[in-house]
Each structure stands twice: as structure tokens, then as C-alpha cells.
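Chemist: Contents of my_file-v3.pdb (PDB, C-alpha atoms):
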ATOM      1  CA  GLN A   1     -46.884  40.871  16.947
ATOM      2  CA  LEU A   2     -47.286  42.598  20.321
ATOM      3  CA  GLY A   3     -43.617  43.239  21.066
ATOM      4  CA  SER A   4     -41.681  46.367  20.226
ATOM      5  CA  THR A   5     -40.822  46.937  16.577
ATOM      6  CA  ALA A   6     -37.461  45.826  15.164
ATOM      7  CA  ILE A   7     -36.237  46.359  11.594
ATOM      8  CA  GLY A   8     -33.397  44.728   9.659
ATOM      9  CA  LEU A   9     -32.016  45.756   6.247
ATOM     10  CA  LYS A  10     -29.296  43.903   4.361
ATOM     11  CA  THR A  11     -26.984  45.952   2.140
ATOM     12  CA  LYS A  12     -24.010  44.954   0.014
ATOM     13  CA  ASP A  13     -21.703  46.166   2.831
ATOM     14  CA  GLY A  14     -23.488  44.798   5.904
ATOM     15  CA  VAL A  15     -26.772  44.608   7.794
ATOM     16  CA  VAL A  16     -28.507  47.360   9.767
ATOM     17  CA  LEU A  17     -30.689  46.569  12.792
ATOM     18  CA  ALA A  18     -32.958  49.213  14.357
ATOM     19  CA  VAL A  19     -35.234  48.643  17.346
ATOM     20  CA  GLU A  20     -37.839  50.460  19.365
ATOM     21  CA  LYS A  21     -37.079  50.467  23.087
ATOM     22  CA  ARG A  22     -40.299  50.828  25.039
ATOM     23  CA  VAL A  23     -39.609  52.619  28.277
ATOM     24  CA  THR A  24     -42.843  52.003  30.186
ATOM     25  CA  SER A  25     -42.013  53.998  33.314
ATOM     26  CA  PRO A  26     -40.057  57.172  34.084
ATOM     27  CA  LEU A  27     -38.393  55.126  36.838
ATOM     28  CA  LEU A  28     -36.882  52.735  34.297
ATOM     29  CA  GLU A  29     -33.327  53.430  33.127
ATOM     30  CA  PRO A  30     -33.529  53.429  29.272
ATOM     31  CA  SER A  31     -29.971  52.109  28.879
ATOM     32  CA  SER A  32     -30.981  48.914  30.735
ATOM     33  CA  VAL A  33     -33.454  47.909  27.996
ATOM     34  CA  GLU A  34     -31.350  45.759  25.655
ATOM     35  CA  LYS A  35     -33.074  44.898  22.380
ATOM     36  CA  ILE A  36     -29.953  44.303  20.258
ATOM     37  CA  MET A  37     -27.442  41.716  21.449
ATOM     38  CA  GLU A  38     -24.143  40.357  20.173
ATOM     39  CA  ILE A  39     -24.014  36.591  19.685
ATOM     40  CA  ASP A  40     -20.446  36.382  18.360
ATOM     41  CA  GLU A  41     -18.035  38.960  16.937
ATOM     42  CA  HIS A  42     -19.644  38.555  13.486
ATOM     43  CA  VAL A  43     -23.311  37.933  14.452
ATOM     44  CA  GLY A  44     -25.889  39.947  16.376
ATOM     45  CA  CYS A  45     -29.646  39.966  16.767
ATOM     46  CA  ALA A  46     -32.595  42.249  17.388
ATOM     47  CA  MET A  47     -35.594  40.980  19.308
ATOM     48  CA  SER A  48     -39.302  41.525  19.677
ATOM     49  CA  GLY A  49     -41.212  39.785  22.430
ATOM     50  CA  LEU A  50     -40.207  38.426  25.813
ATOM     51  CA  ILE A  51     -36.688  39.629  26.602
ATOM     52  CA  ALA A  52     -36.003  36.765  29.028
ATOM     53  CA  ASP A  53     -36.799  34.241  26.279
ATOM     54  CA  ALA A  54     -34.527  36.111  23.871
ATOM     55  CA  ARG A  55     -31.710  36.018  26.418
ATOM     56  CA  THR A  56     -32.106  32.237  26.756
ATOM     57  CA  LEU A  57     -31.891  31.786  22.969
ATOM     58  CA  VAL A  58     -28.958  34.209  22.633
ATOM     59  CA  GLU A  59     -27.044  32.520  25.448
ATOM     60  CA  HIS A  60     -27.586  29.130  23.745
ATOM     61  CA  ALA A  61     -26.335  30.603  20.449
ATOM     62  CA  ARG A  62     -23.266  32.080  22.174
ATOM     63  CA  VAL A  63     -22.338  28.674  23.586
ATOM     64  CA  GLU A  64     -22.859  27.014  20.183
ATOM     65  CA  THR A  65     -20.753  29.610  18.316
ATOM     66  CA  GLN A  66     -17.925  29.347  20.843
ATOM     67  CA  ASN A  67     -18.010  25.530  20.745
ATOM     68  CA  HIS A  68     -17.840  25.687  16.945
ATOM     69  CA  ARG A  69     -14.932  28.144  17.026
ATOM     70  CA  PHE A  70     -13.086  25.960  19.565
ATOM     71  CA  SER A  71     -13.748  22.698  17.657
ATOM     72  CA  TYR A  72     -13.143  23.891  14.097
ATOM     73  CA  GLY A  73     -10.929  26.966  14.486
ATOM     74  CA  GLU A  74     -13.301  29.147  12.475
ATOM     75  CA  PRO A  75     -16.429  31.204  13.135
ATOM     76  CA  MET A  76     -19.831  29.564  12.734
ATOM     77  CA  THR A  77     -21.796  30.765   9.687
ATOM     78  CA  VAL A  78     -24.758  33.068  10.267
ATOM     79  CA  GLU A  79     -27.132  30.415   8.903
ATOM     80  CA  SER A  80     -25.735  27.721  11.229
ATOM     81  CA  THR A  81     -26.043  30.101  14.181
ATOM     82  CA  THR A  82     -29.676  30.741  13.242
ATOM     83  CA  GLN A  83     -30.255  26.998  12.893
ATOM     84  CA  ALA A  84     -28.825  26.421  16.403
ATOM     85  CA  ILE A  85     -31.283  28.961  17.844
ATOM     86  CA  CYS A  86     -34.219  27.389  16.019
ATOM     87  CA  ASP A  87     -33.170  23.886  17.106
ATOM     88  CA  LEU A  88     -33.571  24.997  20.730
ATOM     89  CA  ALA A  89     -36.962  26.572  19.973
ATOM     90  CA  LEU A  90     -38.075  23.301  18.344
ATOM     91  CA  ARG A  91     -37.321  21.328  21.527
ATOM     92  CA  PHE A  92     -40.576  22.608  23.054
ATOM     93  CA  GLY A  93     -42.650  19.660  24.294
ATOM     94  CA  GLU A  94     -39.955  17.031  23.649
ATOM     95  CA  GLY A  95     -39.393  14.197  26.097
ATOM     96  CA  GLU A  96     -40.325  14.002  29.756
ATOM     97  CA  GLU A  97     -37.336  15.459  31.539
ATOM     98  CA  GLU A  98     -36.049  18.697  30.071
ATOM     99  CA  SER A  99     -39.177  19.681  28.178
ATOM    100  CA  MET A 100     -40.172  23.315  28.249
ATOM    101  CA  SER A 101     -43.650  24.143  29.478
ATOM    102  CA  ARG A 102     -44.285  26.698  26.721
ATOM    103  CA  PRO A 103     -42.767  27.860  23.447
ATOM    104  CA  PHE A 104     -40.414  30.841  23.407
ATOM    105  CA  GLY A 105     -42.359  34.096  23.112
ATOM    106  CA  VAL A 106     -39.896  35.990  20.953
ATOM    107  CA  SER A 107     -39.056  36.634  17.306
ATOM    108  CA  LEU A 108     -35.504  37.486  16.284
ATOM    109  CA  LEU A 109     -33.754  39.221  13.421
ATOM    110  CA  ILE A 110     -30.300  37.650  13.190
ATOM    111  CA  ALA A 111     -27.721  39.675  11.290
ATOM    112  CA  GLY A 112     -24.107  39.022  10.480
ATOM    113  CA  HIS A 113     -21.412  38.482   7.916
ATOM    114  CA  ASP A 114     -19.389  35.406   7.016
ATOM    115  CA  GLU A 115     -17.727  33.956   3.903
ATOM    116  CA  ASN A 116     -21.094  34.290   2.118
ATOM    117  CA  GLY A 117     -21.179  38.037   2.791
ATOM    118  CA  PRO A 118     -23.787  39.893   4.843
ATOM    119  CA  SER A 119     -26.961  38.013   5.767
ATOM    120  CA  LEU A 120     -30.217  38.606   7.617
ATOM    121  CA  TYR A 121     -32.486  35.892   9.022
ATOM    122  CA  TYR A 122     -35.899  36.076  10.655
ATOM    123  CA  THR A 123     -36.936  33.492  13.273
ATOM    124  CA  ASP A 124     -40.405  33.066  14.733
ATOM    125  CA  PRO A 125     -41.459  31.435  18.028
ATOM    126  CA  SER A 126     -42.191  28.117  16.282
ATOM    127  CA  GLY A 127     -38.498  27.620  15.465
ATOM    128  CA  THR A 128     -38.886  28.392  11.766
ATOM    129  CA  PHE A 129     -36.441  30.729  10.019
ATOM    130  CA  TRP A 130     -36.206  32.540   6.684
ATOM    131  CA  GLN A 131     -33.433  34.480   4.987
ATOM    132  CA  CYS A 132     -34.481  38.050   4.137
ATOM    133  CA  ASN A 133     -33.196  41.174   2.421
ATOM    134  CA  ALA A 134     -35.284  43.340   4.749
ATOM    135  CA  LYS A 135     -37.755  42.484   7.517
ATOM    136  CA  ALA A 136     -39.718  44.075  10.342
ATOM    137  CA  ILE A 137     -41.017  42.272  13.422
ATOM    138  CA  GLY A 138     -43.165  43.352  16.348
ATOM    139  CA  SER A 139     -46.277  45.465  16.757
ATOM    140  CA  GLY A 140     -45.461  47.872  13.918
ATOM    141  CA  SER A 141     -44.309  45.171  11.497
ATOM    142  CA  GLU A 142     -47.196  45.395   9.006
ATOM    143  CA  GLY A 143     -46.707  49.076   8.281
ATOM    144  CA  ALA A 144     -42.937  48.779   8.459
ATOM    145  CA  ASP A 145     -42.828  45.807   6.050
ATOM    146  CA  SER A 146     -44.884  47.683   3.455
ATOM    147  CA  SER A 147     -42.569  50.717   3.788
ATOM    148  CA  LEU A 148     -39.541  48.428   3.457
ATOM    149  CA  GLN A 149     -40.974  46.957   0.243
ATOM    150  CA  GLU A 150     -41.298  50.469  -1.204
ATOM    151  CA  GLN A 151     -37.885  51.765  -0.114
ATOM    152  CA  PHE A 152     -35.556  48.748  -0.193
ATOM    153  CA  ASN A 153     -33.134  48.085  -3.034
ATOM    154  CA  LYS A 154     -30.022  45.908  -3.124
ATOM    155  CA  GLU A 155     -27.705  48.849  -3.869
ATOM    156  CA  LEU A 156     -28.311  50.671  -0.563
ATOM    157  CA  THR A 157     -25.289  51.805   1.413
ATOM    158  CA  LEU A 158     -25.126  51.207   5.168
ATOM    159  CA  GLN A 159     -25.751  54.923   5.770
ATOM    160  CA  GLU A 160     -28.849  54.937   3.526
ATOM    161  CA  ALA A 161     -30.141  51.776   5.216
ATOM    162  CA  GLU A 162     -29.695  53.377   8.660
ATOM    163  CA  THR A 163     -31.653  56.444   7.525
ATOM    164  CA  ILE A 164     -34.459  54.300   6.066
ATOM    165  CA  ALA A 165     -34.639  52.072   9.159
ATOM    166  CA  LEU A 166     -34.877  55.034  11.540
ATOM    167  CA  SER A 167     -37.467  56.856   9.410
ATOM    168  CA  ILE A 168     -39.656  53.722   9.215
ATOM    169  CA  LEU A 169     -39.247  53.156  12.954
ATOM    170  CA  LYS A 170     -40.337  56.749  13.537
ATOM    171  CA  GLN A 171     -43.466  56.179  11.380
ATOM    172  CA  VAL A 172     -44.629  53.064  13.230
ATOM    173  CA  MET A 173     -43.662  53.852  16.830
ATOM    174  CA  GLU A 174     -46.534  54.634  19.157
ATOM    175  CA  GLU A 175     -44.465  57.087  21.202
ATOM    176  CA  LYS A 176     -42.452  60.045  19.955
ATOM    177  CA  VAL A 177     -38.955  59.031  18.916
ATOM    178  CA  LYS A 178     -36.198  59.992  21.333
ATOM    179  CA  ALA A 179     -32.629  58.726  21.303
ATOM    180  CA  SER A 180     -33.338  56.752  24.483
ATOM    181  CA  GLN A 181     -36.266  54.934  22.819
ATOM    182  CA  SER A 182     -34.439  53.436  19.871
ATOM    183  CA  SER A 183     -31.215  51.563  19.157
ATOM    184  CA  LEU A 184     -29.294  51.140  15.931
ATOM    185  CA  CYS A 185     -26.373  48.936  14.993
ATOM    186  CA  ASP A 186     -24.731  47.669  11.850
ATOM    187  CA  CYS A 187     -23.047  44.319  11.294
ATOM    188  CA  SER A 188     -20.289  44.721   8.731
ATOM    189  CA  HIS A 189     -16.674  43.678   8.197
TER     190      HIS A 189
END
Would it be possible to restate this file's structure as C-alpha cells?
Modeler:
Amino acid sequence: QLGSTAIGLKTKDGVVLAVEKRVTSPLLEPSSVEKIMEIDEHVGCAMSGLIADARTLVEHARVETQNHRFSYGEPMTVESTTQAICDLALRFGEGEEESMSRPFGVSLLIAGHDENGPSLYYTDPSGTFWQCNAKAIGSGSEGADSSLQEQFNKELTLQEAETIALSILKQVMEEKVKASQSSLCDCSH
């Protein structure tokens, strides 16, 4: 709830992810703040929370998707990719040796397309995940979720979803919106 805001919208053609990039110092290079990452050629994610934790989860998912592709000759489904991420998050406190000292401090919006079409999943730090049509995470999520409920419909085009996502992001961001303070991507065929 304290991280930067991220928004995901699923359309019939793909999924749009939009994120707020908080640039906390004029000395920080805005392009170095990565809040949207590719997991595989058909799956990406947006994050809110501790970036280092997100990188650990994304790297785990990348290894899992590549192992799946190598073993089965096909891409891993978006749901299975999400499950692999949550399985790692659930390992918190397990066993003596490789147990983590704390849970991951990050929520993710995982977007992609597979044989089931476009899909969007939300994961929380506990390792739980839900499939969504639209979802906001981070500090502005309450206001953004209520705006999404008002504006979302299943017939949106990717372009309309991008416009909605950016306008909602603009409403909930604490700073004025500049191109360097937000990122947008779409996951489609």
C-alpha cells in the first residue's frame, strides 16, 4: 500500500500496464527506475513495493519459464508463471537452511497472453494470487480501483485502456505527471 501506484487493465486484445515512477531526487536518472519488467516474450509484470524483492521474484519466474520452454517446447501459461512466483513467496519461513528472514515486500500485476487469451493476475506479498479484469496496486490503489470500477468494460480497445490507465494514474499520483514519472506497456499478440 505504500509503494508507487501500478494499474492493469485487460481488454479483448491484450493487457495494459501503467506505473508511477517515483523519482525521489534530481540526481536520480529516471530511466533507471524500472517498474515494468518482461518475464518471458508473452508475459510481463508491473510492481509496487521493494524493487529488489520484485527483481528476485521476476528472476525466479524467468528461470521457470525458460525451463518450461526447454522441457516442453512451448511457453508456460500466464497462470502457471504466476503460480511459480507465488510458490517462491510461500517459501518464507520454511525449513532451516534456505529460509528467508522476511516475506517479500512487493505486490505484482502479471500480464500476458497465451492459448487462453489475454490475462491479468494480481499477487500480494503473502503469495496469494487472483485473476482480474482490472486492478490497481500501491499507494493510490483505493482511488484508482474505484475509478477502474466506474470506467472498465470488457469491450475496451487497447488504446482506450491506455487512455483510461494514464488518466487514472494522473488522478492518484502525488506528483505532477511527466513522461519520466510514468511507464506504459501493453501485452498483446
Chemist: Name the residues captured by the PyMOL selection byres ((chain A and resi 139) around 8) when it is applied to the shown file; answer as an NGL selection string.
Modeler: :A and (1-5 or 137-138 or 140-142)
Chemist: Check the smallest atom-to-atom distance from each of A:Lys170, A:Asp87, A:Ser71, A:Ala161 to Glu20 in chain A using all atoms listed in the file, then report the winner.
Modeler: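 Of all the options, A:Lys170 lies closest to Glu20 in chain A.
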Chemist: Using all atoms listed in the file, can you tell me which of A:Gln131, A:Asp53, A:Gln149, A:Leu184 comes closest to Leu166 in chain A?
Modeler: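 The closest residue to Leu166 in chain A is A:Leu184.
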Chemist: Could you pull out every residue with an atom within 10 Å of (-24.5, 53.8, 7.2), file coordinates, counting only C-alpha atoms, and send them as JSON, numbers by chain?
Modeler: {"A": [11, 13, 14, 15, 16, 156, 157, 158, 159, 160, 161, 162, 163, 185, 186]}
Chemist: Just to confirm, what's the straight-line distance from CA of Gly105 in chain A to CA of His68 in chain A in Å (one decimal)?
Modeler: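 The value is 26.6 Å.
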Chemist: When distances are computed from all atoms listed in the file, which of A:Gly127, A:Ile168, A:Val58, A:Glu29 shows the smallest separation from Asp145 in chain A?
Modeler: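 Once distances to Asp145 in chain A are computed over all atoms listed in the file, the minimum belongs to A:Ile168.
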Chemist: Would you write out, as a Markdown table, a table of all residues in range 68-176 of chain A that have an atom no more than 9 Å from an atom of range 39-44 of chain A, listing for each the closest atom pair and the distance in Å to one decimal, considering only C-alpha atoms and ordering rows by chain and rising residue number?
Modeler:
| residue | atom | partner | partner_atom | distance |
| --- | --- | --- | --- | --- |
| A:Pro75 | CA | A:His42 | CA | 8.0 |
| A:Met76 | CA | A:Asp40 | CA | 8.9 |
| A:Thr77 | CA | A:Val43 | CA | 8.7 |
| A:Val78 | CA | A:Val43 | CA | 6.6 |
| A:Thr81 | CA | A:Val43 | CA | 8.3 |
| A:Leu109 | CA | A:Gly44 | CA | 8.4 |
| A:Ile110 | CA | A:Gly44 | CA | 5.9 |
| A:Ala111 | CA | A:Gly44 | CA | 5.4 |
| A:Gly112 | CA | A:Val43 | CA | 4.2 |
| A:His113 | CA | A:His42 | CA | 5.8 |
| A:Asp114 | CA | A:His42 | CA | 7.2 |
Chemist: Using all atoms listed in the file, which residue out of A:Ser32, A:Thr24, A:Gln83, A:Ser48 lies closest to Leu108 in chain A?
Modeler: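 For Leu108 in chain A, the nearest of the given residues is A:Ser48.
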Chemist: Taking only C-alpha atoms into account, name the residue in A:Ile36, A:Leu9, A:Phe70, A:Ser25 that is nearest to Leu120 in chain A.
Modeler: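 So, comparing all the options, the nearest one is A:Leu9.
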Chemist: Dump as a PyMOL selection string all residues having an atom at most 10 Å from (-34.6, 43.3, 22.1), computed in the file's coordinates with all atoms listed in the file.
Modeler: chain A and resi 3-6+18-22+33-37+45-52+54-55+106-109+183
Chemist: Between CA of Ile7 in chain A and CA of Gly143 in chain A, measure the distance and give it in Å to one decimal.
Modeler: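 According to the coordinates, CA of Ile7 in chain A and CA of Gly143 in chain A are separated by 11.3 Å.
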Chemist: Can you list, as JSON, numbers by chain, the residues that the PyMOL selection byres ((chain A and resi 128) around 9) selects here?
Modeler: {"A": [83, 86, 89, 90, 122, 123, 124, 125, 126, 127, 129, 130]}
Chemist: Restricting the calculation to only C-alpha atoms, which member of A:Ser146, A:Ser80, A:Thr65, A:Ser167 is positioned closest to Tyr121 in chain A?
Modeler: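 Closest residue, counting only C-alpha atoms: A:Ser80.
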Chemist: Grab the CA of Ala134 in chain A to CA of Glu150 in chain A distance for me, in Å with one decimal place.
Modeler: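 Going from CA of Ala134 in chain A over to CA of Glu150 in chain A covers 11.1 Å.
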